[in-house]
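work.cif, holding mmCIF, C-alpha atoms:
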data_entry
loop_
_atom_site.label_atom_id
_atom_site.label_comp_id
_atom_site.auth_asym_id
_atom_site.auth_seq_id
_atom_site.Cartn_x
_atom_site.Cartn_y
_atom_site.Cartn_z
CA MET A 1 95.75 116.17 72.83
CA ALA A 2 94.48 114.27 75.75
CA ARG A 3 96.73 111.60 77.07
CA GLN A 4 95.85 109.15 79.73
CA THR A 5 97.76 109.48 82.94
CA GLN A 6 97.12 106.66 85.33
CA ILE A 7 98.39 106.39 88.85
CA ARG A 8 98.09 103.68 91.40
CA ALA A 9 99.37 103.77 94.95
CA GLN A 10 99.36 100.92 97.37
CA MET A 11 100.94 100.21 100.73
CA LYS A 12 103.48 97.42 100.53
CA ASP A 13 106.05 96.45 103.17
CA GLY A 14 105.63 99.67 105.10
CA ALA A 15 106.03 101.97 102.11
CA ALA A 16 103.70 103.23 99.48
CA GLU A 17 104.40 101.88 96.06
CA VAL A 18 103.38 104.38 93.44
CA ARG A 19 103.11 103.41 89.80
CA VAL A 20 102.41 105.81 87.01
CA ARG A 21 101.60 105.11 83.43
CA VAL A 22 101.15 107.69 80.68
CA THR A 23 100.09 106.89 77.17
CA HIS A 24 102.75 108.72 75.25
CA PRO A 25 104.65 107.89 72.03
CA MET A 26 108.11 108.65 73.47
CA GLU A 27 109.49 109.26 69.98
CA THR A 28 113.29 109.37 69.95
CA GLY A 29 113.69 111.59 66.93
CA GLN A 30 115.82 108.94 65.30
CA ARG A 31 113.15 106.86 63.67
CA VAL A 32 112.39 107.35 60.00
CA ASP A 33 108.87 107.30 58.60
CA ARG A 34 108.82 104.49 56.05
CA ASN A 35 106.49 106.31 53.65
CA THR A 36 107.87 109.83 53.66
CA LYS A 37 111.52 108.89 54.46
CA LYS A 38 111.54 111.76 56.88
CA LYS A 39 112.60 111.57 60.47
CA ILE A 40 109.78 111.44 62.96
CA PRO A 41 110.32 114.39 65.31
CA ALA A 42 111.34 113.62 68.85
CA HIS A 43 108.47 113.71 71.30
CA TYR A 44 109.05 112.48 74.79
CA ILE A 45 108.29 113.21 78.41
CA GLN A 46 111.08 115.12 80.10
CA LYS A 47 109.92 115.61 83.66
CA MET A 48 107.72 113.78 86.06
CA THR A 49 107.12 115.15 89.52
CA PHE A 50 105.70 113.19 92.43
CA ALA A 51 104.08 114.86 95.38
CA LEU A 52 102.79 113.39 98.61
CA ASN A 53 99.98 115.42 100.20
CA GLY A 54 101.06 118.37 98.09
CA LYS A 55 104.74 118.21 99.04
CA GLN A 56 107.20 117.29 96.33
CA VAL A 57 109.01 114.03 97.07
CA ALA A 58 110.71 113.11 93.81
CA VAL A 59 111.40 114.49 90.35
CA THR A 60 112.44 112.25 87.54
CA ASP A 61 114.00 113.33 84.29
CA LEU A 62 113.12 111.03 81.44
CA GLY A 63 114.96 110.80 78.17
CA PRO A 64 113.91 109.51 74.76
CA ALA A 65 115.25 106.08 75.71
CA ILE A 66 112.35 105.41 78.04
CA SER A 67 109.91 102.97 76.51
CA LYS A 68 106.73 104.03 74.79
CA ASP A 69 103.79 104.49 77.17
CA PRO A 70 106.16 104.91 80.09
CA LEU A 71 105.54 103.16 83.35
CA VAL A 72 107.43 104.58 86.29
CA GLY A 73 107.49 103.30 89.83
CA VAL A 74 108.68 104.96 93.01
CA ARG A 75 108.35 104.11 96.67
CA LEU A 76 107.44 106.50 99.47
CA LYS A 77 108.33 105.51 102.99
CA GLY A 78 106.70 108.21 105.07
CA ALA A 79 103.34 107.65 103.43
CA LYS A 80 100.31 105.93 104.86
CA ALA A 81 96.99 104.71 103.58
CA GLY A 82 94.68 107.59 102.84
CA ASP A 83 97.44 109.97 101.82
CA LYS A 84 97.22 111.65 98.46
CA VAL A 85 99.88 111.23 95.78
CA THR A 86 99.99 113.41 92.73
CA VAL A 87 102.03 113.06 89.59
CA THR A 88 102.59 115.77 87.01
CA TRP A 89 104.50 115.42 83.77
CA ASN A 90 105.47 117.54 80.83
CA ASP A 91 107.18 116.75 77.56
CA ASN A 92 109.49 118.43 75.06
CA MET A 93 106.56 119.68 72.98
CA GLY A 94 104.90 121.48 75.84
CA GLU A 95 102.23 118.93 76.58
CA SER A 96 101.56 118.07 80.17
CA GLY A 97 99.27 116.06 82.33
CA SER A 98 98.67 114.98 85.87
CA ALA A 99 96.80 112.49 87.97
CA GLU A 100 96.28 111.80 91.62
CA ALA A 101 95.40 108.85 93.76
CA ILE A 102 94.69 108.02 97.36
CA ILE A 103 97.04 105.43 98.80
CA LYS A 104 95.30 102.18 99.66
CA MET B 1 107.83 93.79 94.59
CA HIS B 2 107.58 94.20 90.90
CA THR B 3 104.03 94.19 89.59
CA PRO B 4 103.90 92.61 86.16
CA ARG B 5 102.88 95.07 83.49
CA ARG B 6 99.80 93.08 82.62
CA THR B 7 98.53 92.93 86.17
CA PHE B 8 99.08 96.62 86.44
CA LEU B 9 97.06 97.23 83.32
CA LYS B 10 94.20 95.06 84.47
CA GLY B 11 94.11 96.80 87.78
CA THR B 12 94.11 100.21 86.28
CA VAL B 13 91.32 99.49 83.83
CA ALA B 14 88.87 99.16 86.68
CA LEU B 15 90.31 102.17 88.42
CA SER B 16 90.45 104.27 85.33
CA VAL B 17 86.80 103.89 84.41
CA ALA B 18 86.02 106.06 87.38
CA GLY B 19 89.33 107.88 87.33
CA LEU B 20 89.35 108.80 83.68
CA ALA B 21 86.02 110.48 83.82
CA GLY B 22 87.75 112.93 86.09
CA ALA B 23 91.06 112.83 84.26
CA ALA B 24 89.43 113.47 80.89
CA GLY B 25 88.00 116.69 82.17
CA LEU B 26 91.39 117.62 83.44
CA VAL B 27 92.73 120.06 80.91
CA ARG B 28 94.85 122.48 82.81
CA ALA B 29 97.60 120.66 84.62
CA PRO B 30 99.99 122.65 86.76
CA ARG B 31 103.40 123.09 85.17
CA VAL B 32 106.18 121.14 86.78
CA GLU B 33 108.11 123.74 88.63
CA ALA B 34 111.45 122.01 88.78
CA ALA B 35 114.95 122.58 87.54
CA GLU B 36 115.61 122.58 83.82
CA TRP B 37 115.81 119.29 82.04
CA PRO B 38 119.57 118.53 81.85
CA LYS B 39 119.90 118.61 78.08
CA ALA B 40 123.69 118.32 77.96
CA ALA B 41 123.63 115.15 80.03
CA TYR B 42 121.08 113.52 77.76
CA GLU B 43 122.99 114.46 74.63
CA ALA B 44 126.30 113.16 75.94
CA LYS B 45 127.69 110.29 73.91
CA THR B 46 129.50 108.37 76.63
CA VAL B 47 128.63 107.24 80.13
CA ASP B 48 131.44 109.36 81.61
CA ASP B 49 130.39 112.53 79.82
CA ALA B 50 126.78 112.01 80.79
CA LEU B 51 127.71 111.59 84.45
CA LYS B 52 129.91 114.66 84.35
CA ALA B 53 127.12 116.72 82.87
CA LEU B 54 124.60 115.34 85.34
CA TYR B 55 126.53 115.15 88.61
CA GLY B 56 129.71 117.08 87.86
CA SER B 57 131.84 114.00 88.30
CA SER B 58 132.31 110.64 86.66
CA GLN B 59 134.10 109.05 89.60
CA VAL B 60 131.99 106.12 90.64
CA THR B 61 132.59 103.40 93.18
CA ALA B 62 131.14 99.97 92.58
CA SER B 63 128.77 99.10 95.38
CA GLY B 64 127.07 95.91 96.45
CA ALA B 65 124.39 97.89 98.25
CA ILE B 66 122.68 98.68 94.98
CA LYS B 67 120.15 96.08 94.00
CA VAL B 68 119.18 95.81 90.40
CA LYS B 69 116.38 93.79 88.95
CA ALA B 70 116.71 93.39 85.22
CA PRO B 71 116.32 90.49 82.82
CA PRO B 72 119.53 88.87 81.56
CA VAL B 73 117.99 88.63 78.12
CA ALA B 74 115.48 91.05 76.66
CA GLU B 75 113.58 89.85 73.63
CA ASN B 76 112.43 93.32 72.76
CA GLY B 77 114.95 96.09 73.26
CA GLY B 78 112.14 98.61 73.15
CA VAL B 79 110.72 97.53 76.47
CA VAL B 80 113.26 96.39 79.01
CA PRO B 81 112.04 96.44 82.60
CA VAL B 82 114.56 97.63 85.16
CA THR B 83 114.17 98.16 88.87
CA VAL B 84 116.86 99.55 91.09
CA SER B 85 116.97 100.07 94.82
CA ALA B 86 119.80 101.05 97.11
CA ASP B 87 120.68 100.23 100.68
CA LEU B 88 122.59 103.46 101.11
CA PRO B 89 121.87 106.44 103.35
CA ASN B 90 120.89 109.86 102.03
CA VAL B 91 120.25 108.89 98.47
CA ASP B 92 119.61 112.01 96.40
CA SER B 93 119.51 110.61 92.96
CA ILE B 94 119.49 107.49 90.83
CA ALA B 95 120.46 107.42 87.16
CA VAL B 96 120.19 104.69 84.56
CA LEU B 97 122.64 104.63 81.66
CA VAL B 98 122.90 102.19 78.77
CA GLU B 99 126.52 102.07 77.66
CA LYS B 100 125.94 101.26 74.01
CA ASN B 101 122.97 103.50 73.34
CA ASN B 102 123.68 106.47 71.15
CA GLN B 103 122.94 108.69 74.10
CA PRO B 104 123.65 106.59 77.19
CA LEU B 105 121.66 108.50 79.78
CA VAL B 106 118.15 107.08 79.93
CA THR B 107 116.69 108.61 83.03
CA ALA B 108 117.60 110.13 86.36
CA ILE B 109 115.43 110.59 89.40
CA THR B 110 116.01 113.05 92.20
CA MET B 111 114.52 112.23 95.57
CA SER B 112 113.42 114.64 98.20
CA GLY B 113 111.66 112.29 100.55
CA ALA B 114 111.04 109.26 98.39
CA ASP B 115 112.77 105.95 99.02
CA PRO B 116 115.88 104.98 97.06
CA TYR B 117 113.84 102.95 94.64
CA TYR B 118 113.08 103.41 90.99
CA SER B 119 111.54 101.23 88.35
CA THR B 120 110.76 101.82 84.73
CA PHE B 121 111.03 100.42 81.23
CA ILE B 122 113.92 101.42 79.00
CA LYS B 123 114.88 101.16 75.35
CA MET B 124 118.13 99.51 74.35
CA ALA B 125 119.65 99.59 70.88
CA GLN B 126 121.69 96.46 71.37
CA THR B 127 123.20 94.14 73.96
CA SER B 128 124.98 96.34 76.45
CA ASP B 129 126.09 96.94 79.98
CA VAL B 130 123.57 99.01 81.87
CA HIS B 131 124.91 101.23 84.61
CA PHE B 132 122.89 102.18 87.64
CA VAL B 133 124.43 105.13 89.41
CA VAL B 134 123.29 106.16 92.85
CA LYS B 135 124.26 109.44 94.44
CA SER B 136 124.46 109.10 98.18
CA GLY B 137 125.91 111.71 100.51
CA GLY B 138 127.59 113.52 97.61
CA LYS B 139 129.35 110.39 96.33
CA LEU B 140 128.51 108.27 93.33
CA TYR B 141 128.07 104.53 93.59
CA SER B 142 127.27 102.23 90.76
CA ALA B 143 126.13 98.78 89.84
CA LYS B 144 126.21 97.20 86.46
CA ALA B 145 124.13 94.62 84.66
CA THR B 146 124.58 93.16 81.24
CA ILE B 147 121.37 92.83 79.32
CA LYS B 148 121.31 90.87 76.12
CA VAL B 149 119.01 92.25 73.48
CA THR B 150 117.74 90.06 70.69
CA ALA B 151 115.86 92.84 68.83
CA GLY B 152 116.86 96.48 69.14
CA GLY B 153 114.43 99.11 70.30
CA CYS B 154 115.79 102.30 68.85
CA GLY B 155 115.51 101.55 65.14
CA GLY B 156 112.50 101.97 62.86
#

Structure translated into structure tokens:
Amino acid sequence: MARQTQIRAQMKDGAAEVRVRVTHPMETGQRVDRNTKKKIPAHYIQKMTFALNGKQVAVTDLGPAISKDPLVGVRLKGAKAGDKVTVTWNDNMGESGSAEAIIK
Amino acid sequence: MHTPRRTFLKGTVALSVAGLAGAAGLVRAPRVEAAEWPKAAYEAKTVDDALKALYGSSQVTASGAIKVKAPPVAENGGVVPVTVSADLPNVDSIAVLVEKNNQPLVTAITMSGADPYYSTFIKMAQTSDVHFVVKSGGKLYSAKATIKVTAGGCGG
């Protein structure tokens, strides 16, 4: 299943602001399907890794309590315009995705 | 500064037309080679237990150096924007915990070069205190914000 992973990186106040958005249901596993009365299985992103020019700078663990279509922002100080940021994620069902952007 | 969600979306639409062509062809993404997802911490039922499972300690010191941006009232508990930044040296990690959620731990970020800054959108079941815990130099510091929820985000 293809999911959209979008990344945007921009210099702001001397640091690169990186924003990532993934279209993902982020199901908690607690919701009940109204028609079948069965629980909808949990499906959420667990890890997101940020790299600057190929070097890992941050890893975030996400839980089911992150909103649907998660949007995550981090800030990188040592970065400059033209540098490459990459994000990679994977979820509890084994799906994964990544995207990269050049800092503007 | 916090970019409003809508602005972000607009901006990315233009970007993604070009970007997605590439991203769509992207099938094989490299696996995240990082430590295991801390399952015990996410399944913990209280803030203290979650912190113990995550950091090995639940001893936190309140700190004014942690800046939190969160709305006092959230109309939709399913999408509550929070931004946290810390004016502390050597920040390794930032965690967000919602006290009254079934499983309080929402997310935790570990830095290895990134700034002590983190923003995301969280789900809240009901009005609750939200704890922002920052690990700096081996110690835990925290800040708290009460967010009022008028419609829960964890139900069906």

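Of the residues under consideration (B:Gln126, B:Ser119, B:Asn101, B:Ser136), B:Ser119 shows the shortest atom-to-atom contact distance to chain A when counting all atoms listed in the file.
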
Could you build a table of the residues in chain A lying no more than 9 Å from chain B, giving for each the nearest pair of atoms and their separation in Å rounded to one decimal place, using only C-alpha atoms, ordered by chain and ascending residue number, as a tab-separated table?
residue	atom	partner	partner_atom	distance
A:Ala2	CA	B:Ala24	CA	7.2
A:Arg3	CA	B:Ala24	CA	8.4
A:Gln4	CA	B:Ala23	CA	7.6
A:Thr5	CA	B:Ala23	CA	7.6
A:Gln6	CA	B:Ser16	CA	7.1
A:Ile7	CA	B:Thr12	CA	7.9
A:Arg8	CA	B:Thr12	CA	7.4
A:Lys12	CA	B:Met1	CA	8.2
A:Ala15	CA	B:Asp115	CA	8.4
A:Glu17	CA	B:Met1	CA	8.9
A:Arg19	CA	B:Phe8	CA	8.6
A:Thr28	CA	B:Cys154	CA	7.6
A:Gln30	CA	B:Gly155	CA	7.4
A:Arg31	CA	B:Gly156	CA	5.0
A:Val32	CA	B:Gly156	CA	6.1
A:Asp33	CA	B:Gly156	CA	7.7
A:Arg34	CA	B:Gly156	CA	8.1
A:Gln46	CA	B:Trp37	CA	6.6
A:Lys47	CA	B:Trp37	CA	7.1
A:Met48	CA	B:Val32	CA	7.6
A:Thr49	CA	B:Val32	CA	6.7
A:Phe50	CA	B:Ala114	CA	8.9
A:Gln56	CA	B:Ser112	CA	7.0
A:Val57	CA	B:Ser112	CA	4.6
A:Ala58	CA	B:Met111	CA	4.3
A:Val59	CA	B:Thr110	CA	5.2
A:Thr60	CA	B:Ile109	CA	3.9
A:Asp61	CA	B:Ala108	CA	5.2
A:Leu62	CA	B:Thr107	CA	4.6
A:Gly63	CA	B:Val106	CA	5.2
A:Pro64	CA	B:Val106	CA	7.1
A:Ala65	CA	B:Lys123	CA	4.9
A:Ile66	CA	B:Ile122	CA	4.4
A:Ser67	CA	B:Ile122	CA	5.0
A:Lys68	CA	B:Val79	CA	7.8
A:Pro70	CA	B:Phe121	CA	6.7
A:Leu71	CA	B:Thr120	CA	5.6
A:Val72	CA	B:Thr120	CA	4.6
A:Gly73	CA	B:Ser119	CA	4.8
A:Val74	CA	B:Tyr118	CA	5.1
A:Arg75	CA	B:Asp115	CA	5.3
A:Leu76	CA	B:Ala114	CA	4.7
A:Lys77	CA	B:Asp115	CA	6.0
A:Gly78	CA	B:Gly113	CA	7.9
A:Thr88	CA	B:Val32	CA	6.5
A:Trp89	CA	B:Val32	CA	6.7
A:Asn90	CA	B:Val32	CA	7.0
A:Ser96	CA	B:Ala29	CA	6.5
A:Gly97	CA	B:Ala29	CA	5.4
A:Ser98	CA	B:Ala29	CA	5.9
A:Ala99	CA	B:Ala23	CA	6.8
A:Ala101	CA	B:Gly19	CA	8.9

Evaluate the PyMOL selection byres ((chain B and resi 57) around 12) here and jot the selected residues down as a list in words.
Ala41, Val47, Asp48, Asp49, Ala50, Leu51, Lys52, Ala53, Leu54, Tyr55, Gly56, Ser58, Gln59, Val60, Thr61, Val133, Lys135, Gly138, Lys139, Leu140 and Tyr141 of chain B

Written file, previous selection with C-alpha atoms, as a PDB file, in the frame of the given file:
ATOM      1  CA  ALA B  41     123.630 115.150  80.030  1.00  0.00           C
ATOM      2  CA  VAL B  47     128.630 107.240  80.130  1.00  0.00           C
ATOM      3  CA  ASP B  48     131.440 109.360  81.610  1.00  0.00           C
ATOM      4  CA  ASP B  49     130.390 112.530  79.820  1.00  0.00           C
ATOM      5  CA  ALA B  50     126.780 112.010  80.790  1.00  0.00           C
ATOM      6  CA  LEU B  51     127.710 111.590  84.450  1.00  0.00           C
ATOM      7  CA  LYS B  52     129.910 114.660  84.350  1.00  0.00           C
ATOM      8  CA  ALA B  53     127.120 116.720  82.870  1.00  0.00           C
ATOM      9  CA  LEU B  54     124.600 115.340  85.340  1.00  0.00           C
ATOM     10  CA  TYR B  55     126.530 115.150  88.610  1.00  0.00           C
ATOM     11  CA  GLY B  56     129.710 117.080  87.860  1.00  0.00           C
ATOM     12  CA  SER B  58     132.310 110.640  86.660  1.00  0.00           C
ATOM     13  CA  GLN B  59     134.100 109.050  89.600  1.00  0.00           C
ATOM     14  CA  VAL B  60     131.990 106.120  90.640  1.00  0.00           C
ATOM     15  CA  THR B  61     132.590 103.400  93.180  1.00  0.00           C
ATOM     16  CA  VAL B 133     124.430 105.130  89.410  1.00  0.00           C
ATOM     17  CA  LYS B 135     124.260 109.440  94.440  1.00  0.00           C
ATOM     18  CA  GLY B 138     127.590 113.520  97.610  1.00  0.00           C
ATOM     19  CA  LYS B 139     129.350 110.390  96.330  1.00  0.00           C
ATOM     20  CA  LEU B 140     128.510 108.270  93.330  1.00  0.00           C
ATOM     21  CA  TYR B 141     128.070 104.530  93.590  1.00  0.00           C
TER      22      TYR B 141
END

Please measure the separation of atom CA of Ser63 of chain B and atom CA of Ser128 of chain B, giving the value in Å to one decimal.
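Separation of atom CA of Ser63 of chain B and atom CA of Ser128 of chain B: 19.5 Å.
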
Kindly resolve the PyMOL selection byres ((chain A and resi 81) around 10) on the present coordinates and return the residues as a ChimeraX atom specification.
/A:9-11,15-16,79-80,82-84,102-104

Do you have the atom CA of Pro25 of chain A-atom CA of Lys45 of chain B distance handy?
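Going from atom CA of Pro25 of chain A over to atom CA of Lys45 of chain B covers 23.2 Å.
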
For the PyMOL selection byres ((chain B and resi 71) around 9), applied here, can you spell out every residue it catches as a ChimeraX atom specification?
/B:69-70,72-74,80-82,146-148

Atom CA of Val149 of chain B and atom CA of Asp129 of chain B are how many Å apart?
10.7 Å

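Of the listed residues A:Glu27, A:Glu100, A:Thr86, A:Asp91, the one whose atoms come nearest to Ile45 of chain A is A:Asp91, with distances taken using all atoms listed in the file.
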
Using the atoms already present, construct N, CA and C atoms for segment 49-80 of chain A and hand them back as a short mmCIF file (atom, residue, chain, number, x, y, z; two decimals), keeping the file's coordinate frame.
data_model
loop_
_atom_site.label_atom_id
_atom_site.label_comp_id
_atom_site.auth_asym_id
_atom_site.auth_seq_id
_atom_site.Cartn_x
_atom_site.Cartn_y
_atom_site.Cartn_z
N THR A 49 106.96 114.73 88.14
CA THR A 49 107.12 115.15 89.52
C THR A 49 106.11 114.41 90.39
N PHE A 50 106.58 113.89 91.49
CA PHE A 50 105.70 113.19 92.43
C PHE A 50 105.55 114.03 93.69
N ALA A 51 104.32 114.13 94.15
CA ALA A 51 104.08 114.86 95.38
C ALA A 51 103.23 114.01 96.31
N LEU A 52 103.55 114.10 97.59
CA LEU A 52 102.79 113.39 98.61
C LEU A 52 102.10 114.45 99.46
N ASN A 53 100.78 114.40 99.49
CA ASN A 53 99.98 115.42 100.20
C ASN A 53 100.43 116.84 99.83
N GLY A 54 100.71 117.04 98.56
CA GLY A 54 101.06 118.37 98.09
C GLY A 54 102.53 118.74 98.21
N LYS A 55 103.31 117.90 98.87
CA LYS A 55 104.74 118.21 99.04
C LYS A 55 105.55 117.35 98.08
N GLN A 56 106.43 118.01 97.34
CA GLN A 56 107.20 117.29 96.33
C GLN A 56 108.16 116.29 96.97
N VAL A 57 108.13 115.04 96.50
CA VAL A 57 109.01 114.03 97.07
C VAL A 57 110.02 113.47 96.07
N ALA A 58 109.76 113.59 94.80
CA ALA A 58 110.71 113.11 93.81
C ALA A 58 110.44 113.76 92.46
N VAL A 59 111.52 113.98 91.72
CA VAL A 59 111.40 114.49 90.35
C VAL A 59 112.20 113.55 89.49
N THR A 60 111.64 113.07 88.43
CA THR A 60 112.44 112.25 87.54
C THR A 60 112.53 112.89 86.17
N ASP A 61 113.75 112.86 85.65
CA ASP A 61 114.00 113.33 84.29
C ASP A 61 113.96 112.09 83.40
N LEU A 62 113.17 112.16 82.36
CA LEU A 62 113.12 111.03 81.44
C LEU A 62 113.77 111.46 80.14
N GLY A 63 114.37 110.51 79.46
CA GLY A 63 114.96 110.80 78.17
C GLY A 63 114.20 110.04 77.10
N PRO A 64 114.59 110.22 75.85
CA PRO A 64 113.91 109.51 74.76
C PRO A 64 114.10 108.00 74.84
N ALA A 65 115.03 107.53 75.62
CA ALA A 65 115.25 106.08 75.71
C ALA A 65 114.37 105.39 76.75
N ILE A 66 113.35 106.08 77.20
CA ILE A 66 112.35 105.41 78.04
C ILE A 66 111.31 104.83 77.09
N SER A 67 110.83 103.65 77.41
CA SER A 67 109.91 102.97 76.51
C SER A 67 108.64 103.77 76.26
N LYS A 68 108.02 103.45 75.14
CA LYS A 68 106.73 104.03 74.79
C LYS A 68 105.72 103.73 75.90
N ASP A 69 104.77 104.61 76.09
CA ASP A 69 103.79 104.49 77.17
C ASP A 69 104.50 104.22 78.50
N PRO A 70 105.29 105.17 78.94
CA PRO A 70 106.16 104.91 80.09
C PRO A 70 105.41 104.53 81.36
N LEU A 71 106.05 103.62 82.07
CA LEU A 71 105.54 103.16 83.35
C LEU A 71 106.66 103.42 84.34
N VAL A 72 106.38 104.21 85.35
CA VAL A 72 107.43 104.58 86.29
C VAL A 72 106.96 104.24 87.70
N GLY A 73 107.85 103.66 88.47
CA GLY A 73 107.49 103.30 89.83
C GLY A 73 108.43 103.93 90.83
N VAL A 74 107.87 104.45 91.91
CA VAL A 74 108.68 104.96 93.01
C VAL A 74 108.07 104.44 94.31
N ARG A 75 108.82 104.60 95.39
CA ARG A 75 108.35 104.11 96.67
C ARG A 75 108.47 105.24 97.69
N LEU A 76 107.44 105.42 98.48
CA LEU A 76 107.44 106.50 99.47
C LEU A 76 107.31 105.90 100.86
N LYS A 77 108.31 106.15 101.68
CA LYS A 77 108.33 105.51 102.99
C LYS A 77 107.43 106.21 103.99
N GLY A 78 107.46 107.51 104.04
CA GLY A 78 106.70 108.21 105.07
C GLY A 78 105.20 108.22 104.82
N ALA A 79 104.76 107.56 103.79
CA ALA A 79 103.34 107.65 103.43
C ALA A 79 102.50 106.62 104.16
N LYS A 80 101.22 106.90 104.28
CA LYS A 80 100.31 105.93 104.86
C LYS A 80 99.02 105.88 104.06
#
